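Notes to accompany the following structure.
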Amino acid sequence: MSLPPVRLGVNIDHVATIRNARGGDHPDPARAAKLAVEAGADGVTFHLREDRRHIRDEDLNKIAGAVSVPLNLEMAAAEEMLAIALRHRPHAVCLVPERREERTTEGGLDAAGKHNEIAWFVNELKGAGIRVSLFIEPDERQIEAALSLGAPVVELHTGAYCEAFHAGDMERTRERLVAIAKAAQAGAAKGLEIHAGHGLTYDTVKPVAAIPQIRELNIGHFLIGEAIFLGLKPAVQTMRALIREAREEAAA
Ligand code: PXP
């Protein structure tokens, strides 16, 4: 059996976090994007948050000018963000929930509960030829909602799985992994393209990458952290190698 490869989108938000800690323009997220691609990233991902705590508006053109791989803009379903997406036309937009007080995207988008609110954004983005994905919890209700919204892609939130693993709770780790695998299977069976991400590390990536229906992983914080010790290129290369290894082992 052979499995289609899993693309790696490297999320460069936290290069901007470090830059913003001091003001100025170092380290430059566009330079990080270029290095990540040279190291084997298939795409570059960034989250323009409403509070601009990391990526800023002026980064968008710089990143687009630095690389030619597909760009994936994560954003809240908000009118300001929609206008920016329509102006910049990235390859993809991933709609995420956003609360100003959260440290990171803490849960998935409630595609089921907020159907009418989200539908307009999905349609506008699709109408502009942008591939839309919804960042959702791995549960069937959210998969059904994504289908009814007409989103072609879902990104399954791997945060709870990663947290359980790093807390040493192996039972919950398995349970959350099964939920991701089930949601991936259910979504793909109904025609959705399945992505996953959030909190993934070298220790947690392989079981997710081994899920046959997964086509893309978006990974950021851990890689930027590892880059401090290893350099960005080796950090990305190691992640790429683990993803490839997981696919090969799953196919064997
Ligand atoms: N996918 C989505 C939708 C996200 O919001 C994030 C965090 O910005 C990621 C993936 C990457 O998560 P992490 O930085 O924890 O790897």
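Chain lettering (A, B, ...) mirrors the order of the structure tokens, residue numbering begins at 1 for each chain separately, and ligand numbering begins at 1 in order of display.
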Range 37-250 of chain A: residues DSSP assigns to alpha helix (DSSP H), reported as a VMD selection string
chain A and resid 37 to 38 57 to 66 79 to 88 115 to 127 140 to 149 159 to 166 170 to 189 205 to 209 221 to 230 232 to 250
For those residues, write C-alpha atoms to a file as a short mmCIF file (atom, residue, chain, number, x, y, z; two decimals), in the first residue's frame.
```cif
data_model
loop_
_atom_site.label_atom_id
_atom_site.label_comp_id
_atom_site.auth_asym_id
_atom_site.auth_seq_id
_atom_site.Cartn_x
_atom_site.Cartn_y
_atom_site.Cartn_z
CA VAL A 37 11.07 26.39 2.38
CA GLU A 38 14.75 25.70 1.70
CA ASP A 57 -0.05 43.65 8.11
CA GLU A 58 3.24 44.69 6.51
CA ASP A 59 4.59 41.13 6.90
CA LEU A 60 2.08 39.74 4.42
CA ASN A 61 3.64 41.27 1.31
CA LYS A 62 7.15 40.56 2.57
CA ILE A 63 6.39 36.87 3.11
CA ALA A 64 4.66 36.61 -0.27
CA GLY A 65 7.71 38.21 -1.89
CA ALA A 66 10.15 35.86 -0.14
CA GLU A 79 -14.85 41.58 8.32
CA GLU A 80 -11.49 43.33 8.72
CA MET A 81 -9.66 40.05 8.11
CA LEU A 82 -11.83 39.15 5.15
CA ALA A 83 -10.95 42.45 3.47
CA ILE A 84 -7.24 41.74 4.03
CA ALA A 85 -7.57 38.20 2.65
CA LEU A 86 -9.39 39.45 -0.43
CA ARG A 87 -6.68 42.05 -1.01
CA HIS A 88 -3.72 39.67 -0.59
CA HIS A 115 -23.10 28.14 11.02
CA ASN A 116 -24.80 31.31 9.81
CA GLU A 117 -22.00 33.57 11.02
CA ILE A 118 -19.33 31.54 9.23
CA ALA A 119 -21.22 30.77 6.01
CA TRP A 120 -20.78 34.26 4.60
CA PHE A 121 -16.99 34.21 5.10
CA VAL A 122 -16.65 30.77 3.52
CA ASN A 123 -18.63 31.89 0.48
CA GLU A 124 -16.76 35.18 0.03
CA LEU A 125 -13.37 33.48 0.27
CA LYS A 126 -14.34 30.64 -2.02
CA GLY A 127 -15.76 33.14 -4.47
CA GLU A 140 -18.34 14.34 13.78
CA ARG A 141 -20.72 17.19 14.49
CA GLN A 142 -18.10 19.70 13.37
CA ILE A 143 -17.28 17.59 10.30
CA GLU A 144 -20.96 17.62 9.34
CA ALA A 145 -21.09 21.38 9.87
CA ALA A 146 -18.00 21.92 7.69
CA LEU A 147 -19.68 19.87 4.96
CA SER A 148 -22.88 21.84 5.16
CA LEU A 149 -20.88 25.09 5.01
CA GLY A 159 -3.97 20.43 20.85
CA ALA A 160 -5.80 18.15 23.29
CA TYR A 161 -3.89 15.10 22.01
CA CYS A 162 -0.53 16.87 22.39
CA GLU A 163 -1.39 18.23 25.84
CA ALA A 164 -2.40 14.76 27.06
CA PHE A 165 0.85 13.30 25.70
CA HIS A 166 3.04 15.90 27.36
CA MET A 170 -1.44 7.91 27.88
CA GLU A 171 -5.08 6.87 28.09
CA ARG A 172 -6.30 10.31 27.11
CA THR A 173 -3.54 10.56 24.49
CA ARG A 174 -4.87 7.40 22.83
CA GLU A 175 -8.46 8.58 23.16
CA ARG A 176 -7.71 11.94 21.50
CA LEU A 177 -5.69 10.25 18.75
CA VAL A 178 -8.58 7.91 18.02
CA ALA A 179 -10.91 10.93 17.84
CA ILE A 180 -8.56 12.57 15.29
CA ALA A 181 -8.34 9.36 13.24
CA LYS A 182 -12.13 8.88 13.28
CA ALA A 183 -12.83 12.46 12.28
CA ALA A 184 -10.22 12.19 9.51
CA GLN A 185 -11.83 9.04 8.18
CA ALA A 186 -15.37 10.41 8.38
CA GLY A 187 -14.44 13.71 6.74
CA ALA A 188 -12.39 12.17 3.94
CA ALA A 189 -15.16 9.64 3.21
CA VAL A 205 3.88 14.16 15.13
CA LYS A 206 4.30 10.59 13.89
CA PRO A 207 1.00 9.04 15.05
CA VAL A 208 -0.88 11.96 13.46
CA ALA A 209 1.18 11.87 10.26
CA HIS A 221 5.66 26.99 18.00
CA PHE A 222 7.74 23.87 18.58
CA LEU A 223 9.79 24.38 15.41
CA ILE A 224 10.59 27.99 16.20
CA GLY A 225 11.55 26.91 19.73
CA GLU A 226 13.79 24.14 18.39
CA ALA A 227 15.32 26.61 15.97
CA ILE A 228 16.89 28.36 18.98
CA PHE A 229 18.88 25.21 19.69
CA LEU A 230 19.33 23.62 16.26
CA LEU A 232 15.55 26.67 11.73
CA LYS A 233 16.66 24.56 8.79
CA PRO A 234 17.70 21.47 10.77
CA ALA A 235 14.58 21.82 12.95
CA VAL A 236 12.32 21.78 9.88
CA GLN A 237 14.35 19.03 8.19
CA THR A 238 13.98 16.79 11.25
CA MET A 239 10.21 17.35 11.33
CA ARG A 240 9.99 16.62 7.60
CA ALA A 241 11.94 13.41 8.06
CA LEU A 242 9.68 12.25 10.91
CA ILE A 243 6.56 12.90 8.83
CA ARG A 244 8.01 10.97 5.89
CA GLU A 245 9.06 8.12 8.18
CA ALA A 246 5.57 7.92 9.72
CA ARG A 247 4.00 7.66 6.24
CA GLU A 248 6.45 4.97 5.15
CA GLU A 249 5.89 2.95 8.31
CA ALA A 250 2.10 3.28 8.02
#
```
Please report, as a list in words, each residue of range 34-160 of chain A to which DSSP assigns strand (DSSP E) when run on this structure's backbone.
Gly43, Val44, Thr45, Phe46, His47, Leu71, Asn72, Leu73, Glu74, Met75, Ala92, Val93, Cys94, Leu95, Arg131, Val132, Ser133, Leu134, Phe135, Ile136, Val153, Val154, Glu155, Leu156 and His157 of chain A
Taking 3 positions as the minimum chain separation for residues in the same chain, which residues sit within 8 Å of Leu156 in chain A when counting only C-alpha atoms? Answer as a ChimeraX atom specification.
/A:108,135-138,180,183-184,194-197
Show me which residues line ligand 1, defined as having an atom within 8 Å of a ligand atom where only C-alpha atoms and all ligand atoms count, and present them as a short mmCIF file (atom, residue, chain, number, x, y, z; two decimals) with C-alpha atoms, in the first residue's frame.
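Saved result, out_15.cif, follows:
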```cif
data_model
loop_
_atom_site.label_atom_id
_atom_site.label_comp_id
_atom_site.auth_asym_id
_atom_site.auth_seq_id
_atom_site.Cartn_x
_atom_site.Cartn_y
_atom_site.Cartn_z
CA ASN A 11 3.92 28.45 10.91
CA ASP A 13 4.16 33.46 13.85
CA HIS A 14 6.60 33.13 16.70
CA PHE A 46 0.83 32.62 9.55
CA HIS A 47 -1.93 33.95 11.74
CA GLU A 74 -5.04 31.83 9.53
CA CYS A 94 -7.90 28.77 7.59
CA LEU A 95 -10.74 30.20 9.66
CA VAL A 96 -9.95 29.97 13.35
CA THR A 104 -3.00 30.63 21.43
CA THR A 105 -5.97 29.23 19.50
CA LEU A 134 -12.04 25.37 9.03
CA PHE A 135 -10.01 24.70 12.16
CA GLU A 155 -7.89 21.25 9.91
CA HIS A 157 -7.16 20.53 16.21
CA GLY A 159 -3.97 20.43 20.85
CA ALA A 196 -4.23 18.76 11.27
CA GLY A 197 -2.18 20.89 13.59
CA HIS A 198 -1.57 22.64 16.89
CA GLY A 199 0.98 21.79 19.53
CA LEU A 200 2.75 19.11 17.46
CA THR A 201 6.33 18.22 18.41
CA LEU A 217 0.20 19.38 8.95
CA ASN A 218 0.72 22.94 10.14
CA ILE A 219 3.40 23.25 12.80
CA GLY A 220 4.88 26.36 14.36
CA HIS A 221 5.66 26.99 18.00
CA PHE A 222 7.74 23.87 18.58
CA LEU A 223 9.79 24.38 15.41
#
```
Skip Ala36 in chain A itself and residues of its chain fewer than 3 positions away, then list as JSON, numbers by chain all residues within 8 Å of it, counting only C-alpha atoms.
{"A": [10, 32, 33, 39, 40, 41, 44, 232, 233, 236]}
Find the residues near Arg49 in chain A: any atom within 9 Å, counting only C-alpha atoms, skip ones fewer than 2 places away on the same chain, and give them as a JSON list (two decimals) with N, CA and C atoms, in the first residue's frame.
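Saved to around_10.json:
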```
[["chain", "number", "residue", "atom", "x", "y", "z"],
["A", 47, "HIS", "N", -0.64, 33.55, 11.16],
["A", 47, "HIS", "CA", -1.93, 33.95, 11.74],
["A", 47, "HIS", "C", -1.88, 35.45, 11.95],
["A", 51, "ASP", "N", -5.34, 41.44, 17.26],
["A", 51, "ASP", "CA", -4.51, 42.33, 18.09],
["A", 51, "ASP", "C", -3.09, 42.49, 17.55],
["A", 52, "ARG", "N", -2.78, 41.83, 16.41],
["A", 52, "ARG", "CA", -1.45, 41.93, 15.75],
["A", 52, "ARG", "C", -0.32, 41.60, 16.74],
["A", 53, "ARG", "N", -0.54, 40.63, 17.59],
["A", 53, "ARG", "CA", 0.50, 40.38, 18.59],
["A", 53, "ARG", "C", 1.75, 39.75, 17.98],
["A", 54, "HIS", "N", 1.64, 39.10, 16.84],
["A", 54, "HIS", "CA", 2.87, 38.60, 16.20],
["A", 54, "HIS", "C", 2.95, 39.09, 14.75],
["A", 55, "ILE", "N", 2.34, 38.37, 13.82],
["A", 55, "ILE", "CA", 2.39, 38.82, 12.42],
["A", 55, "ILE", "C", 1.64, 40.16, 12.29],
["A", 56, "ARG", "N", 2.22, 41.07, 11.50],
["A", 56, "ARG", "CA", 1.61, 42.38, 11.25],
["A", 56, "ARG", "C", 1.26, 42.51, 9.78],
["A", 74, "GLU", "N", -4.07, 32.16, 8.48],
["A", 74, "GLU", "CA", -5.04, 31.83, 9.53],
["A", 74, "GLU", "C", -5.66, 33.13, 10.00],
["A", 75, "MET", "N", -6.96, 33.14, 10.12],
["A", 75, "MET", "CA", -7.62, 34.39, 10.54],
["A", 75, "MET", "C", -8.97, 34.11, 11.17],
["A", 76, "ALA", "N", -9.43, 35.06, 11.95],
["A", 76, "ALA", "CA", -10.77, 34.98, 12.53],
["A", 76, "ALA", "C", -11.79, 35.30, 11.45],
["A", 81, "MET", "N", -10.56, 41.09, 8.61],
["A", 81, "MET", "CA", -9.66, 40.05, 8.11],
["A", 81, "MET", "C", -10.07, 39.60, 6.71],
["A", 98, "GLU", "N", -11.08, 33.11, 17.60],
["A", 98, "GLU", "CA", -10.07, 33.99, 18.19],
["A", 98, "GLU", "C", -10.66, 34.75, 19.36],
["A", 100, "ARG", "N", -9.25, 37.51, 22.29],
["A", 100, "ARG", "CA", -8.06, 38.33, 22.56],
["A", 100, "ARG", "C", -7.27, 37.86, 23.77]]
```
Suppose you want the space between CA of Gly113 in chain A and CA of Thr204 in chain A; what is it in Å?
29.8 Å
Find the distance between CA of Glu193 in chain A and CA of Arg215 in chain A and write it in Å to one decimal.
7.0 Å
Selected residue, from A:Gln213, A:Thr158, A:Asn72, A:Ser2, that lies nearest to Asp139 in chain A when counting only C-alpha atoms
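Of all the options, A:Thr158 lies closest to Asp139 in chain A.
Between CA of Val69 in chain A and CA of Gly43 in chain A the separation is 5.3 Å.
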